[in-house]
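Participant: Have a look at the structure that comes next, please.
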Amino acid sequence: MFIFEWLNNQLLKMEWLFVLVQKLVEGVFGLSIQDRLGGSIHFFIYDVIKIFILLSVLIFSVSYIQSFFPPERTRKILGRFNGISANILGALLGTITPFCSCSSIPLFIGFTNAGLPIGVTFSFLISSPLVDLASVLLLASIFNWRIAIAYVVVGLVLAVIGGTVISKLKMEEYVEPFVFSNKMMEMEQEELTLKDRIQFGKDQVMDIIHKVWLYVLIGVGIGAAIHNYIPESIISAVLGQDKWYSVVLATFVGVPMYADIFGTLPIAEALVVKGVGLGTALSFMMAVTALSMPSLILLKKVVKTRLLVTFTGIVTVGILIIGYTFNAFVHLFL
Amino acid sequence: MIIKVLGTGCAKCKSLEANARQAVAEMGITAEVVKVQDMKDIMAFGVLRTPALVVDEKVVVYGKVPTVEEVKAFLK
């Protein structure tokens, strides 16, 4: 246990980096990290370096695993299952299928056109941005393993239930008809060599860092500001654990926002430190990553408003329930 | 030869188009590079991940941006 804890603290939480940045801030800049400015600078440098190191290592290893599960294969696997097991599998595969938001439309069409129930496709579409393997390890790094695992479980449950409800509502008629017309050709699978997979991992790292670096900087910047400049009294007046509406507020602020999970984590971290309920912070994170204006606008091209509203409604309600549940059982996690 | 670049206008699709044009220019062949942006037309090729490159109605790459050298190999 001792060795595991030491590895966890050094590799995942990067305590060595915390100390190193502390030396830099105190020794070179001459600021104490107990002070406002020193504390903010320390939070910013430490979090930015930590997130970028973890991102590179994690995305590389996760991409290697993902290279075994391209969407074409996921679609084939899913086609063999029915009912709730298909939804569960869809949610699980969503976590390991490499997926970029600009591919969500071809993917939606491809899955639906191949005859997969739309509920299964939605299970996949909910879990894919929400529960990413890399983000789970990042959660374990910033908070702890109990929270990371609980997050995965509730994220998957949300994806399964959301997709199942959409299946039960029989909303196929609210998909644009062209999605079903003319059967798509089946693509031949490309065989990847070890070299291809390593190249894929490297490409993914470059790609994702290129895409998220700005969000990470902004996220950590806001986190650092919350950390040291916004008085705790204001934050707890709006988002405090005793305020029943805090989860609702965090969710509705988060839904239209578009950011990567890597950018929202430092904000959630700072909020929790300031006494905001864990459930409230997680609701904010989930709302930002699972739903966003740009992705809804894209989806609008293939589904009718009624289905889009149902999808948004189910996910929002799910996030609210998750937020309240986490707030009620917070003593189990922190 | 007709080369089609499938994609709904994301950044990767633009770099694929640029690479395709450069490959054609460097090889000095006569080929037409066409952008396919309509979802229905992209769908017809069975592609789940954009961008994709189609040479003479056959999908040769999808879900990534091949380098200029890689595109050249497909054009031979």
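Residues in the structure tokens are numbered from 1 in each chain, the chains being A, B, ... in the order shown, and ligands are numbered from 1 in the order shown.
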Define the interface residues of chain B facing chain A as those within 7 Å, counting only C-alpha atoms, and report them as a ChimeraX atom specification.

Facilitator: /B:10,43-46,48-50

Participant: Name the residues in contact with Pro117 (chain A) at a cut-off of 9 Å, using only C-alpha atoms, excluding same-chain residues fewer than 3 positions from it; report them as an MDAnalysis selection string.

Facilitator: chainID A and resid 82 111:112 120:122 167 172

Participant: Nearest to Lys170 (chain A) among A:Gly119, A:Leu214, A:Gly38, A:Thr325, with distances taken over only C-alpha atoms: which residue is it?

Facilitator: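 Checking each of A:Gly119, A:Leu214, A:Gly38, A:Thr325 against Lys170 (chain A), counting only C-alpha atoms, the winner is A:Gly119.
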
Participant: Taking 2 positions as the minimum chain separation for residues in the same chain, which residues sit within 12 Å of Phe74 (chain B) when counting only C-alpha atoms? Answer as a PyMOL selection string.

Facilitator: chain B and resi 1+3+20+23-24+27+53-56+58-61+66-72+76

Participant: Give me, as a list in words, the residues of chain B that a backbone DSSP run labels strand (DSSP E).

Facilitator: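 Here is the list: Ile2, Ile3, Lys4, Val5, Leu6, Glu32, Val33, Val34, Lys35, Val36, Ala52, Leu53, Val54, Val55, Lys58, Val59, Val60, Val61 and Tyr62 of chain B.
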
Participant: Looking only at the backbone, which of the residues in region 220-257 of chain A does DSSP tag as helix (DSSP H, G or I), as a PyMOL selection string?

Facilitator: chain A and resi 220-228+232-239+246-254

Participant: Can you pull out the residues contacting Ile96 (chain A)? Cut-off 6 Å, using only C-alpha atoms, and skip same-chain residues under 2 positions away; I want them as a list of chain:residue names.

Facilitator: A:Gln66, A:Leu93, A:Gly94

Participant: Go ahead and write the selection's residues with N, CA and C atoms as a short mmCIF file (atom, residue, chain, number, x, y, z; two decimals), in the first residue's frame.

Facilitator:
data_model
loop_
_atom_site.label_atom_id
_atom_site.label_comp_id
_atom_site.auth_asym_id
_atom_site.auth_seq_id
_atom_site.Cartn_x
_atom_site.Cartn_y
_atom_site.Cartn_z
N GLN A 66 -6.99 2.68 -28.07
CA GLN A 66 -8.09 3.06 -28.96
C GLN A 66 -7.88 2.58 -30.39
N LEU A 93 -18.06 1.25 -25.16
CA LEU A 93 -17.23 1.47 -26.34
C LEU A 93 -17.02 2.97 -26.58
N GLY A 94 -18.00 3.77 -26.14
CA GLY A 94 -17.85 5.21 -26.26
C GLY A 94 -16.61 5.72 -25.54
#

Participant: Neighbours of region 242-256 of chain A within 7 Å (only C-alpha atoms; same-chain residues fewer than 3 positions away dropped), as a PyMOL selection string?

Facilitator: chain A and resi 238-239+280+283-284+287-288+291-293+320+323-324

Participant: Which residues are close to Thr312 (chain A), i.e. within 9 Å by only C-alpha atoms, leaving aside same-chain residues fewer than 5 positions away? Reply as a ChimeraX atom specification.

Facilitator: /A:291,296,307,317

Participant: Near Lys35 (chain B), within 10 Å and counting only C-alpha atoms, which residues show up once chain neighbours fewer than 6 positions away are dropped, as a PyMOL selection string?

Facilitator: chain B and resi 3-9+13-14+17+53

Participant: Store the residues picked out above in a file with N, CA, C and O atoms, as a PDB file, in the first residue's frame.

Facilitator:
ATOM      1  N   ILE B   3      -9.766  13.475 -57.802  1.00  0.00           N
ATOM      2  CA  ILE B   3      -9.460  13.263 -56.389  1.00  0.00           C
ATOM      3  C   ILE B   3     -10.498  14.011 -55.569  1.00  0.00           C
ATOM      4  O   ILE B   3     -10.715  15.207 -55.780  1.00  0.00           O
ATOM      5  N   LYS B   4     -11.168  13.307 -54.658  1.00  0.00           N
ATOM      6  CA  LYS B   4     -12.172  13.976 -53.832  1.00  0.00           C
ATOM      7  C   LYS B   4     -11.715  14.046 -52.389  1.00  0.00           C
ATOM      8  O   LYS B   4     -11.181  13.071 -51.850  1.00  0.00           O
ATOM      9  N   VAL B   5     -11.908  15.213 -51.805  1.00  0.00           N
ATOM     10  CA  VAL B   5     -11.609  15.372 -50.379  1.00  0.00           C
ATOM     11  C   VAL B   5     -12.944  15.465 -49.652  1.00  0.00           C
ATOM     12  O   VAL B   5     -13.728  16.380 -49.873  1.00  0.00           O
ATOM     13  N   LEU B   6     -13.226  14.473 -48.798  1.00  0.00           N
ATOM     14  CA  LEU B   6     -14.492  14.460 -48.072  1.00  0.00           C
ATOM     15  C   LEU B   6     -14.310  15.081 -46.699  1.00  0.00           C
ATOM     16  O   LEU B   6     -13.404  14.716 -45.964  1.00  0.00           O
ATOM     17  N   GLY B   7     -15.194  16.014 -46.368  1.00  0.00           N
ATOM     18  CA  GLY B   7     -15.104  16.631 -45.039  1.00  0.00           C
ATOM     19  C   GLY B   7     -16.060  17.790 -44.937  1.00  0.00           C
ATOM     20  O   GLY B   7     -16.341  18.454 -45.936  1.00  0.00           O
ATOM     21  N   THR B   8     -16.546  18.030 -43.724  1.00  0.00           N
ATOM     22  CA  THR B   8     -17.548  19.081 -43.561  1.00  0.00           C
ATOM     23  C   THR B   8     -16.934  20.433 -43.227  1.00  0.00           C
ATOM     24  O   THR B   8     -17.590  21.309 -42.692  1.00  0.00           O
ATOM     25  N   GLY B   9     -15.659  20.596 -43.503  1.00  0.00           N
ATOM     26  CA  GLY B   9     -15.074  21.925 -43.328  1.00  0.00           C
ATOM     27  C   GLY B   9     -14.263  22.116 -42.060  1.00  0.00           C
ATOM     28  O   GLY B   9     -13.963  23.236 -41.674  1.00  0.00           O
ATOM     29  N   CYS B  13      -9.794  18.844 -42.622  1.00  0.00           N
ATOM     30  CA  CYS B  13     -10.195  18.675 -44.015  1.00  0.00           C
ATOM     31  C   CYS B  13      -9.432  19.650 -44.897  1.00  0.00           C
ATOM     32  O   CYS B  13      -9.041  19.322 -46.015  1.00  0.00           O
ATOM     33  N   LYS B  14      -9.199  20.856 -44.357  1.00  0.00           N
ATOM     34  CA  LYS B  14      -8.488  21.856 -45.146  1.00  0.00           C
ATOM     35  C   LYS B  14      -7.044  21.438 -45.362  1.00  0.00           C
ATOM     36  O   LYS B  14      -6.501  21.604 -46.457  1.00  0.00           O
ATOM     37  N   GLU B  17      -6.903  18.804 -48.029  1.00  0.00           N
ATOM     38  CA  GLU B  17      -7.068  19.360 -49.372  1.00  0.00           C
ATOM     39  C   GLU B  17      -5.756  19.989 -49.851  1.00  0.00           C
ATOM     40  O   GLU B  17      -5.320  19.768 -50.985  1.00  0.00           O
ATOM     41  N   LEU B  53     -10.005  10.730 -48.184  1.00  0.00           N
ATOM     42  CA  LEU B  53      -9.502  11.006 -49.525  1.00  0.00           C
ATOM     43  C   LEU B  53     -10.004   9.914 -50.467  1.00  0.00           C
ATOM     44  O   LEU B  53      -9.914   8.730 -50.159  1.00  0.00           O
TER      45      LEU B  53
END

Participant: Quote the spacing between CA of Val212 (chain A) and CA of Ala259 (chain A) in Å to one decimal place.

Facilitator: 8.3 Å

Participant: B:Leu16, B:Ala31, B:Ala52, B:Met39: which is nearest Leu298 (chain A), counting only C-alpha atoms?

Facilitator: B:Met39

Participant: Can you work out which one of A:Ser128, A:Ser141, A:Ser67, A:Ser123 has the shortest atom-to-atom distance to Gln10 (chain A), counting only C-alpha atoms?

Facilitator: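 Nearest to Gln10 (chain A): A:Ser141.
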
Participant: Find, counting only C-alpha atoms, the residue in A:Phe124, A:Phe333, A:Phe262, A:Phe311 that gets nearest to Ile59 (chain A).

Facilitator: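 Answer, going by the shortest atom-to-atom distance: A:Phe262.
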